[in-house]
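K.L.:
I'm passing along input19.cif; it holds mmCIF, C-alpha atoms and all ligand atoms.
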```cif
data_start
#
loop_
_atom_site.label_atom_id
_atom_site.label_comp_id
_atom_site.auth_asym_id
_atom_site.auth_seq_id
_atom_site.Cartn_x
_atom_site.Cartn_y
_atom_site.Cartn_z
CA MET A 1 207.66 118.72 33.98
CA ASP A 2 205.79 121.89 33.08
CA LEU A 3 207.24 124.63 35.31
CA GLY A 4 204.06 126.70 35.05
CA ILE A 5 205.79 129.92 33.96
CA LYS A 6 204.81 130.10 30.29
CA HIS A 7 204.24 133.76 29.25
CA LYS A 8 205.83 135.10 32.46
CA LYS A 9 208.06 138.13 31.96
CA ALA A 10 211.73 138.04 32.93
CA LEU A 11 214.82 140.21 32.95
CA VAL A 12 218.24 138.58 33.27
CA PHE A 13 221.27 140.75 34.08
CA ALA A 14 224.69 140.18 32.50
CA SER A 15 223.30 137.63 30.08
CA SER A 16 225.05 137.99 26.71
CA GLU A 17 227.12 134.94 27.65
CA GLY A 18 228.01 132.59 30.49
CA LEU A 19 225.71 131.78 33.38
CA GLY A 20 223.30 134.65 32.74
CA LYS A 21 222.76 133.54 29.16
CA ALA A 22 222.27 129.93 30.27
CA VAL A 23 219.59 130.98 32.78
CA ALA A 24 217.89 133.12 30.14
CA HIS A 25 217.95 130.18 27.73
CA ALA A 26 216.39 127.83 30.27
CA LEU A 27 213.62 130.37 30.91
CA VAL A 28 212.98 130.83 27.17
CA GLU A 29 212.66 127.03 26.90
CA GLU A 30 209.84 127.27 29.46
CA GLY A 31 207.99 129.83 27.35
CA VAL A 32 209.07 132.85 29.41
CA LYS A 33 209.45 136.21 27.64
CA VAL A 34 213.02 137.15 28.47
CA ILE A 35 214.95 140.39 28.11
CA LEU A 36 218.73 140.07 28.06
CA SER A 37 221.18 142.68 29.20
CA SER A 38 224.92 143.44 29.24
CA ARG A 39 227.19 146.16 27.86
CA SER A 40 227.75 144.95 24.30
CA GLU A 41 225.04 145.47 21.72
CA ASP A 42 226.68 143.05 19.26
CA LYS A 43 226.89 140.20 21.74
CA LEU A 44 223.37 140.82 22.99
CA SER A 45 221.90 140.90 19.53
CA ALA A 46 223.62 137.57 18.71
CA ALA A 47 222.45 136.05 22.00
CA VAL A 48 218.83 137.11 21.44
CA THR A 49 218.88 135.31 18.09
CA ASP A 50 220.74 132.33 19.49
CA ILE A 51 218.30 131.55 22.32
CA GLY A 52 215.09 133.14 21.07
CA ALA A 53 214.82 135.81 23.76
CA GLU A 54 212.30 138.64 23.46
CA ASP A 55 214.74 141.56 23.24
CA TYR A 56 217.77 143.15 24.91
CA ILE A 57 218.67 146.34 26.72
CA THR A 58 222.27 147.50 27.07
CA CYS A 59 223.47 148.38 30.57
CA ASP A 60 226.78 148.84 32.38
CA LEU A 61 226.14 147.61 35.91
CA THR A 62 229.20 149.38 37.28
CA GLN A 63 227.38 152.71 36.79
CA LYS A 64 225.27 154.15 39.60
CA GLY A 65 221.58 154.17 38.64
CA ALA A 66 222.07 151.91 35.59
CA ALA A 67 220.35 148.86 37.12
CA ARG A 68 217.38 150.97 38.18
CA LYS A 69 216.96 152.33 34.63
CA LEU A 70 217.39 148.84 33.22
CA VAL A 71 214.50 147.45 35.26
CA GLN A 72 212.29 150.43 34.40
CA ALA A 73 213.01 149.94 30.69
CA ALA A 74 212.35 146.19 30.90
CA ILE A 75 209.01 146.73 32.66
CA GLU A 76 208.04 149.15 29.91
CA LYS A 77 209.09 146.77 27.11
CA LEU A 78 207.48 143.69 28.66
CA GLY A 79 204.45 145.40 30.18
CA GLY A 80 205.38 144.09 33.65
CA LEU A 81 207.94 141.91 35.36
CA ASP A 82 207.57 138.52 37.09
CA ILE A 83 211.13 137.17 37.26
CA LEU A 84 214.29 139.15 37.99
CA VAL A 85 217.66 137.40 37.76
CA THR A 86 220.53 139.54 39.03
CA ASN A 87 224.04 138.82 37.87
CA ALA A 88 227.21 140.78 37.06
CA GLY A 89 230.66 140.39 35.57
CA GLY A 90 233.06 138.73 37.99
CA PRO A 91 235.04 141.16 40.17
CA PRO A 92 238.84 141.38 39.99
CA ALA A 93 240.73 138.71 41.92
CA GLY A 94 243.46 139.65 44.39
CA THR A 95 244.51 139.86 48.00
CA PHE A 96 243.28 142.73 50.18
CA GLN A 97 246.58 144.51 49.58
CA ASP A 98 246.21 144.22 45.79
CA ILE A 99 242.82 145.89 45.58
CA SER A 100 242.36 149.64 45.16
CA VAL A 101 239.55 151.67 46.69
CA GLU A 102 238.27 152.33 43.19
CA GLN A 103 238.02 148.59 42.48
CA TRP A 104 236.09 148.13 45.73
CA GLN A 105 233.70 150.93 44.78
CA ILE A 106 233.08 149.68 41.23
CA SER A 107 232.52 146.14 42.50
CA TYR A 108 230.20 147.35 45.26
CA GLN A 109 228.07 149.09 42.65
CA SER A 110 227.88 146.13 40.26
CA LEU A 111 227.72 143.27 42.79
CA PHE A 112 225.60 144.88 45.51
CA MET A 113 223.99 148.23 44.73
CA SER A 114 222.72 147.02 41.34
CA LEU A 115 220.59 144.53 43.30
CA VAL A 116 219.29 147.18 45.68
CA GLU A 117 218.38 149.52 42.82
CA SER A 118 216.79 146.82 40.69
CA ILE A 119 214.74 145.23 43.47
CA GLN A 120 213.44 148.64 44.55
CA GLU A 121 211.97 148.90 41.03
CA ALA A 122 210.98 145.25 40.51
CA ALA A 123 209.30 144.39 43.82
CA PRO A 124 206.41 146.92 43.52
CA GLU A 125 205.71 145.54 40.02
CA MET A 126 205.67 141.93 41.30
CA ARG A 127 203.45 142.91 44.22
CA LYS A 128 200.77 144.02 41.73
CA SER A 129 200.27 140.44 40.54
CA HIS A 130 201.05 138.88 43.92
CA TRP A 131 203.68 136.69 42.25
CA GLY A 132 207.38 137.16 41.74
CA ARG A 133 210.75 135.42 41.66
CA ILE A 134 214.02 137.14 42.45
CA LEU A 135 217.15 135.08 41.83
CA MET A 136 220.63 136.37 42.60
CA ILE A 137 223.60 134.72 40.89
CA THR A 138 226.46 134.97 43.39
CA SER A 139 229.23 132.44 44.18
CA VAL A 140 230.23 129.71 46.61
CA ALA A 141 232.81 132.31 47.70
CA GLY A 142 230.01 134.14 49.52
CA LYS A 143 229.52 131.12 51.78
CA GLU A 144 233.04 129.73 52.06
CA PRO A 145 235.70 132.30 51.16
CA VAL A 146 238.10 131.34 48.37
CA THR A 147 241.79 132.34 48.50
CA ASN A 148 242.54 135.47 46.46
CA LEU A 149 238.87 136.31 45.74
CA THR A 150 238.75 139.04 48.40
CA ILE A 151 236.04 141.17 46.75
CA SER A 152 233.81 138.23 45.88
CA ASN A 153 234.22 136.69 49.36
CA SER A 154 233.19 139.96 51.00
CA LEU A 155 230.38 141.34 48.84
CA ARG A 156 228.63 138.05 48.04
CA ALA A 157 228.16 137.33 51.75
CA GLY A 158 226.37 140.66 51.98
CA VAL A 159 224.12 139.69 49.07
CA HIS A 160 223.18 136.47 50.87
CA GLY A 161 222.21 138.53 53.89
CA LEU A 162 220.10 140.75 51.67
CA ALA A 163 218.39 137.76 50.02
CA ASN A 164 217.39 136.22 53.33
CA THR A 165 216.22 139.52 54.85
CA LEU A 166 214.23 140.46 51.76
CA SER A 167 212.64 137.02 51.51
CA LYS A 168 210.85 137.57 54.80
CA GLU A 169 209.64 141.01 53.80
CA LEU A 170 208.28 139.86 50.42
CA ALA A 171 206.97 136.38 51.27
CA ARG A 172 203.36 137.40 51.89
CA ASP A 173 203.33 139.11 48.50
CA GLY A 174 203.98 135.79 46.75
CA ILE A 175 207.55 136.84 45.93
CA THR A 176 210.48 134.50 46.61
CA VAL A 177 214.10 135.60 46.89
CA ASN A 178 216.96 133.13 46.55
CA ALA A 179 220.66 133.22 45.78
CA LEU A 180 222.31 130.65 43.52
CA LEU A 181 225.96 129.96 44.31
CA PRO A 182 227.97 128.49 41.44
CA THR A 183 231.35 126.90 41.91
CA TYR A 184 233.76 126.65 38.95
CA THR A 185 231.57 126.36 35.86
CA GLU A 186 232.60 126.20 32.19
CA THR A 187 232.33 129.88 31.14
CA GLN A 188 234.60 132.71 29.97
CA ARG A 189 234.95 133.86 33.59
CA LEU A 190 236.68 130.61 34.45
CA ILE A 191 239.13 131.05 31.56
CA ASP A 192 239.78 134.65 32.71
CA LEU A 193 240.60 133.50 36.25
CA ASN A 194 243.47 131.51 34.70
CA ARG A 195 243.43 128.73 37.30
CA ASN A 196 244.91 125.26 36.99
CA MET A 197 241.92 123.17 35.87
CA GLU A 198 243.29 119.88 37.15
CA ASP A 199 243.66 121.34 40.65
CA ILE A 200 240.17 122.81 40.50
CA VAL A 201 238.52 119.57 39.38
CA ALA A 202 240.43 117.62 42.03
CA ARG A 203 238.75 119.77 44.70
CA ILE A 204 235.21 119.19 43.38
CA PRO A 205 233.84 115.91 44.82
CA VAL A 206 231.72 115.20 41.72
CA GLY A 207 234.97 115.25 39.73
CA ARG A 208 234.13 117.77 37.03
CA LEU A 209 233.36 121.43 36.42
CA GLY A 210 229.85 122.83 36.53
CA ARG A 211 227.90 123.15 33.29
CA PRO A 212 226.02 126.36 32.38
CA HIS A 213 223.09 124.37 30.95
CA GLU A 214 222.57 122.54 34.26
CA PHE A 215 222.87 125.78 36.20
CA GLY A 216 220.21 127.32 33.94
CA LYS A 217 217.81 124.44 34.61
CA LEU A 218 218.23 124.83 38.38
CA ALA A 219 217.52 128.55 38.08
CA ALA A 220 214.42 127.89 35.95
CA PHE A 221 213.08 125.54 38.62
CA LEU A 222 213.62 128.14 41.34
CA ALA A 223 211.79 130.64 39.12
CA SER A 224 208.94 128.21 38.59
CA ASP A 225 205.47 128.09 40.04
CA HIS A 226 206.45 124.91 41.94
CA ALA A 227 209.16 126.70 43.94
CA GLY A 228 206.90 129.10 45.85
CA PHE A 229 207.84 127.57 49.23
CA ILE A 230 211.59 127.93 48.68
CA THR A 231 212.75 131.37 49.75
CA GLY A 232 215.59 133.10 51.57
CA GLN A 233 218.03 130.35 50.59
CA ALA A 234 221.63 130.46 49.40
CA ILE A 235 221.67 127.35 47.21
CA GLY A 236 224.98 125.87 46.13
CA TYR A 237 225.57 124.65 42.58
CA ASP A 238 228.82 123.24 43.83
CA GLY A 239 229.42 119.60 42.84
CA GLY A 240 229.60 118.80 46.55
CA SER A 241 232.43 121.23 47.25
CA LEU A 242 230.79 123.32 50.00
CA SER A 243 231.38 121.85 53.46
CA SER A 244 229.16 124.06 55.60
CA ILE A 245 225.81 122.59 56.69
P1 LIG B 1 231.11 135.40 32.00
O1 LIG B 1 232.38 136.22 31.94
O2 LIG B 1 231.03 134.18 31.17
O3 LIG B 1 229.85 136.32 31.66
C1 LIG B 1 229.69 137.54 32.32
C2 LIG B 1 228.53 138.31 31.74
O4 LIG B 1 228.50 139.57 32.41
C3 LIG B 1 228.69 138.63 30.24
O5 LIG B 1 227.42 138.61 29.63
C4 LIG B 1 229.24 140.06 30.26
O6 LIG B 1 228.95 140.78 29.09
C5 LIG B 1 228.47 140.63 31.45
N1 LIG B 1 229.11 141.80 32.07
C6 LIG B 1 230.40 141.92 32.44
N2 LIG B 1 230.60 143.14 32.97
C7 LIG B 1 229.41 143.80 32.91
C8 LIG B 1 228.97 145.11 33.29
N3 LIG B 1 229.82 146.01 33.83
N4 LIG B 1 227.68 145.44 33.10
C9 LIG B 1 226.81 144.55 32.56
N5 LIG B 1 227.16 143.31 32.18
C10 LIG B 1 228.45 142.94 32.35
O7 LIG B 1 230.94 135.07 33.56
P2 LIG B 1 230.09 133.90 34.26
O8 LIG B 1 230.95 132.73 34.47
O9 LIG B 1 228.79 133.74 33.56
O10 LIG B 1 229.89 134.54 35.71
C11 LIG B 1 228.72 135.25 36.08
C12 LIG B 1 228.86 135.57 37.55
O11 LIG B 1 228.99 134.35 38.29
C13 LIG B 1 230.10 136.41 37.88
O12 LIG B 1 229.79 137.36 38.86
C14 LIG B 1 231.08 135.39 38.40
O13 LIG B 1 232.02 135.95 39.30
C15 LIG B 1 230.14 134.42 39.11
N6 LIG B 1 230.74 133.08 39.26
C16 LIG B 1 231.16 132.39 38.18
C17 LIG B 1 231.78 131.15 38.37
C18 LIG B 1 232.28 130.33 37.20
O14 LIG B 1 233.07 129.42 37.42
N7 LIG B 1 231.85 130.60 35.98
C19 LIG B 1 231.93 130.64 39.66
C20 LIG B 1 231.48 131.39 40.74
C21 LIG B 1 230.88 132.61 40.53
#
```
Reformat the file's structure so that it appears as structure tokens.
P.N.:
Amino acid sequence: MDLGIKHKKALVFASSEGLGKAVAHALVEEGVKVILSSRSEDKLSAAVTDIGAEDYITCDLTQKGAARKLVQAAIEKLGGLDILVTNAGGPPAGTFQDISVEQWQISYQSLFMSLVESIQEAAPEMRKSHWGRILMITSVAGKEPVTNLTISNSLRAGVHGLANTLSKELARDGITVNALLPTYTETQRLIDLNRNMEDIVARIPVGRLGRPHEFGKLAAFLASDHAGFITGQAIGYDGGSLSSI
């Protein structure tokens, strides 16, 4: 199926590896001009070559104002922006008692304020062409809290509220806003979380972990021309594990 987004211009946050890179790859496969971003120049440069992206811009999303500058730079490089995919490094795990105020503040900047800053810059650009797609990579934890992921459980729920609220404000401008909620998917983040894989798989009804490639394809569809009627949704990529209806 032709997704109808050839030559569209996209920026994908936190995309030198993992889910962000997989989404970027799926967009490149549809003929989208994609800019990658993360902190490491070496990893970004390798990823651009690996997937055939347009270019990269380095950015540390934990820094106030960094996401805003990133979007401005991407618009300048691409000559516009049609698709914005927000993403960030996973926040530290821990109980409420384990987490310092500083960790809350850093996570709030990278998981929440980076979206506010970036959409403030991206939405006016998308309005110009009366077409836009904003996709937020979050987590199933934002819908059904996961033990020990206190920061993720808290801030992702806020992002889902933002996505739904924004979707109504931007709908008449041809801009959709959706959140994509992965469960355990085969990336570095999963290795870092150091969980027992057998236990994890046992709790996923489909009986396996998620795959970045599949996740990327779902994101590309939501970014496509065919998905213009889907907005304000928090869509699980969850192997059947979410129970809320
Ligand atoms: P990953 O560790 O494989 O990749 C993370 C990406 O973020 C990398 O490109 C890294 O360079 C970049 N990054 C990290 N810190 C950054 C910063 N301060 N500024 C800019 N870029 C930064 O992780 P992933 O599995 O792709 O996860 C992506 C997001 O999805 C995370 O927020 C994670 O919590 C969430 N998530 C992942 C899973 C999973 O099982 N993989 C499940 C649920 C939610």
K.L.:
Please, what distance in Å, to one decimal, runs between atom CA of Ser37 of chain A and atom C14 of ligand LIG 1 (chain B)?
P.N.:
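According to the coordinates, atom CA of Ser37 of chain A and atom C14 of ligand LIG 1 (chain B) are separated by 15.4 Å.
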K.L.:
Which residues are close to Val12 of chain A, i.e. within 8 Å by only C-alpha atoms, leaving aside same-chain residues fewer than 3 positions away? Reply as a ChimeraX atom specification.
P.N.:
/A:15,20-21,23-24,34-37,84-87
K.L.:
Hey, which bits of chain A sit within 7 Å of ligand LIG 1 (chain B), and for each residue what's the closest pair of atoms and how far apart in Å (one decimal), counting only C-alpha atoms and all ligand atoms, rows by chain and increasing number, as CSV?
P.N.:
```
residue,atom,partner,partner_atom,distance
A:Phe13,CA,B:LIG1,N5,6.7
A:Ala14,CA,B:LIG1,O4,3.9
A:Ser15,CA,B:LIG1,O5,4.3
A:Ser16,CA,B:LIG1,O5,3.8
A:Glu17,CA,B:LIG1,O5,4.2
A:Gly18,CA,B:LIG1,O9,3.4
A:Leu19,CA,B:LIG1,O9,3.7
A:Gly20,CA,B:LIG1,O9,5.6
A:Lys21,CA,B:LIG1,O5,6.9
A:Ser37,CA,B:LIG1,N5,6.7
A:Ser38,CA,B:LIG1,N5,3.7
A:Arg39,CA,B:LIG1,C9,5.0
A:Ser40,CA,B:LIG1,O6,6.5
A:Cys59,CA,B:LIG1,C9,5.5
A:Asp60,CA,B:LIG1,N4,3.6
A:Leu61,CA,B:LIG1,N4,3.9
A:Thr62,CA,B:LIG1,N3,4.9
A:Asn87,CA,B:LIG1,C12,5.8
A:Ala88,CA,B:LIG1,O12,4.6
A:Gly89,CA,B:LIG1,C6,3.5
A:Gly90,CA,B:LIG1,O13,3.2
A:Pro91,CA,B:LIG1,O13,6.1
A:Ser110,CA,B:LIG1,N3,6.7
A:Ile137,CA,B:LIG1,O11,6.0
A:Thr138,CA,B:LIG1,C15,5.7
A:Ser139,CA,B:LIG1,C21,4.0
A:Val140,CA,B:LIG1,C20,6.2
A:Leu181,CA,B:LIG1,C20,6.7
A:Pro182,CA,B:LIG1,C20,4.6
A:Thr183,CA,B:LIG1,C19,4.4
A:Tyr184,CA,B:LIG1,O14,3.2
A:Thr185,CA,B:LIG1,O14,3.7
A:Glu186,CA,B:LIG1,N7,5.9
A:Thr187,CA,B:LIG1,O2,4.5
A:Gln188,CA,B:LIG1,O2,4.0
A:Arg189,CA,B:LIG1,O1,3.9
A:Leu190,CA,B:LIG1,O14,4.8
```
K.L.:
Counting all atoms listed in the file, note down every residue that has an atom within 12 Å of the point (227.8, 114.9, 41.8) (file coordinates), as number ranges by chain.
P.N.:
A: 201, 204-211, 214, 237-241
K.L.:
Set the distance at 10 Å and use only C-alpha atoms: which residues neighbour Ala53 of chain A once local chain neighbours fewer than 5 positions away are removed? I'd like the list as an NGL selection string.
P.N.:
:A and (10 or 21 or 24-25 or 27-29 or 31-36 or 44-45 or 47-48)
K.L.:
In Å, rounded to a single decimal, give me how far atom CA of Ala220 of chain A is from atom CA of Leu180 of chain A.
P.N.:
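Taking atom CA of Leu180 of chain A as the start and atom CA of Ala220 of chain A as the end point, the length is 11.3 Å.
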K.L.:
Select, counting only C-alpha atoms, all protein, DNA and RNA residues no farther than 8 Å from (207.8, 142.9, 47.8) in file coordinates, and express the selection as a tab-separated table (two decimals) with C-alpha atoms, keeping the file's coordinate frame.
P.N.:
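The resulting file, point.tsv, is shown below:
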```tsv
chain	number	residue	atom	x	y	z
A	123	ALA	CA	209.30	144.39	43.82
A	124	PRO	CA	206.41	146.92	43.52
A	126	MET	CA	205.67	141.93	41.30
A	127	ARG	CA	203.45	142.91	44.22
A	166	LEU	CA	214.23	140.46	51.76
A	169	GLU	CA	209.64	141.01	53.80
A	170	LEU	CA	208.28	139.86	50.42
A	171	ALA	CA	206.97	136.38	51.27
A	173	ASP	CA	203.33	139.11	48.50
A	175	ILE	CA	207.55	136.84	45.93
```
K.L.:
Just how far from atom CA of Thr150 of chain A is atom CA of Gln120 of chain A, in Å to one decimal?
P.N.:
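Computed distance, atom CA of Gln120 of chain A to atom CA of Thr150 of chain A, equals 27.3 Å.
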K.L.:
What lies within 10 Å of Gly4 of chain A using all atoms listed in the file, ignoring chain neighbours under 6 positions off, as a list in words?
P.N.:
Glu30, Gly31, Val32, Phe221, Ala223, Ser224, Asp225 and His226 of chain A
K.L.:
Any chance you could export the current selection's C-alpha atoms as a PDB file, keeping the file's coordinate frame?
P.N.:
```pdb
ATOM      1  CA  GLU A  30     209.840 127.270  29.460  1.00  0.00           C
ATOM      2  CA  GLY A  31     207.990 129.830  27.350  1.00  0.00           C
ATOM      3  CA  VAL A  32     209.070 132.850  29.410  1.00  0.00           C
ATOM      4  CA  PHE A 221     213.080 125.540  38.620  1.00  0.00           C
ATOM      5  CA  ALA A 223     211.790 130.640  39.120  1.00  0.00           C
ATOM      6  CA  SER A 224     208.940 128.210  38.590  1.00  0.00           C
ATOM      7  CA  ASP A 225     205.470 128.090  40.040  1.00  0.00           C
ATOM      8  CA  HIS A 226     206.450 124.910  41.940  1.00  0.00           C
TER       9      HIS A 226
END
```
K.L.:
Have a look at A:Ser118, A:Asn153, A:Thr147, A:Ser244 and name the one nearest to Gln72 of chain A; count all atoms listed in the file.
P.N.:
A:Ser118
K.L.:
Could you check which of A:Ile99, A:Ile245, A:Ala122, A:Leu162 is closest to Ile75 of chain A, using all atoms listed in the file?
P.N.:
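Closest to Ile75 of chain A, using all atoms listed in the file: A:Ala122.
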K.L.:
Counting all atoms listed in the file, figure out which residue out of A:Gly94, A:Gly52, A:Gly79, A:Pro212 gets nearest to Lys9 of chain A.
P.N.:
A:Gly79
K.L.:
Name the closest residue to Ile106 of chain A among the candidates A:Ala157, A:Asp50, A:Leu81, A:Ile151; distances are taken between atoms, counting all atoms listed in the file.
P.N.:
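Closest residue, counting all atoms listed in the file: A:Ile151.
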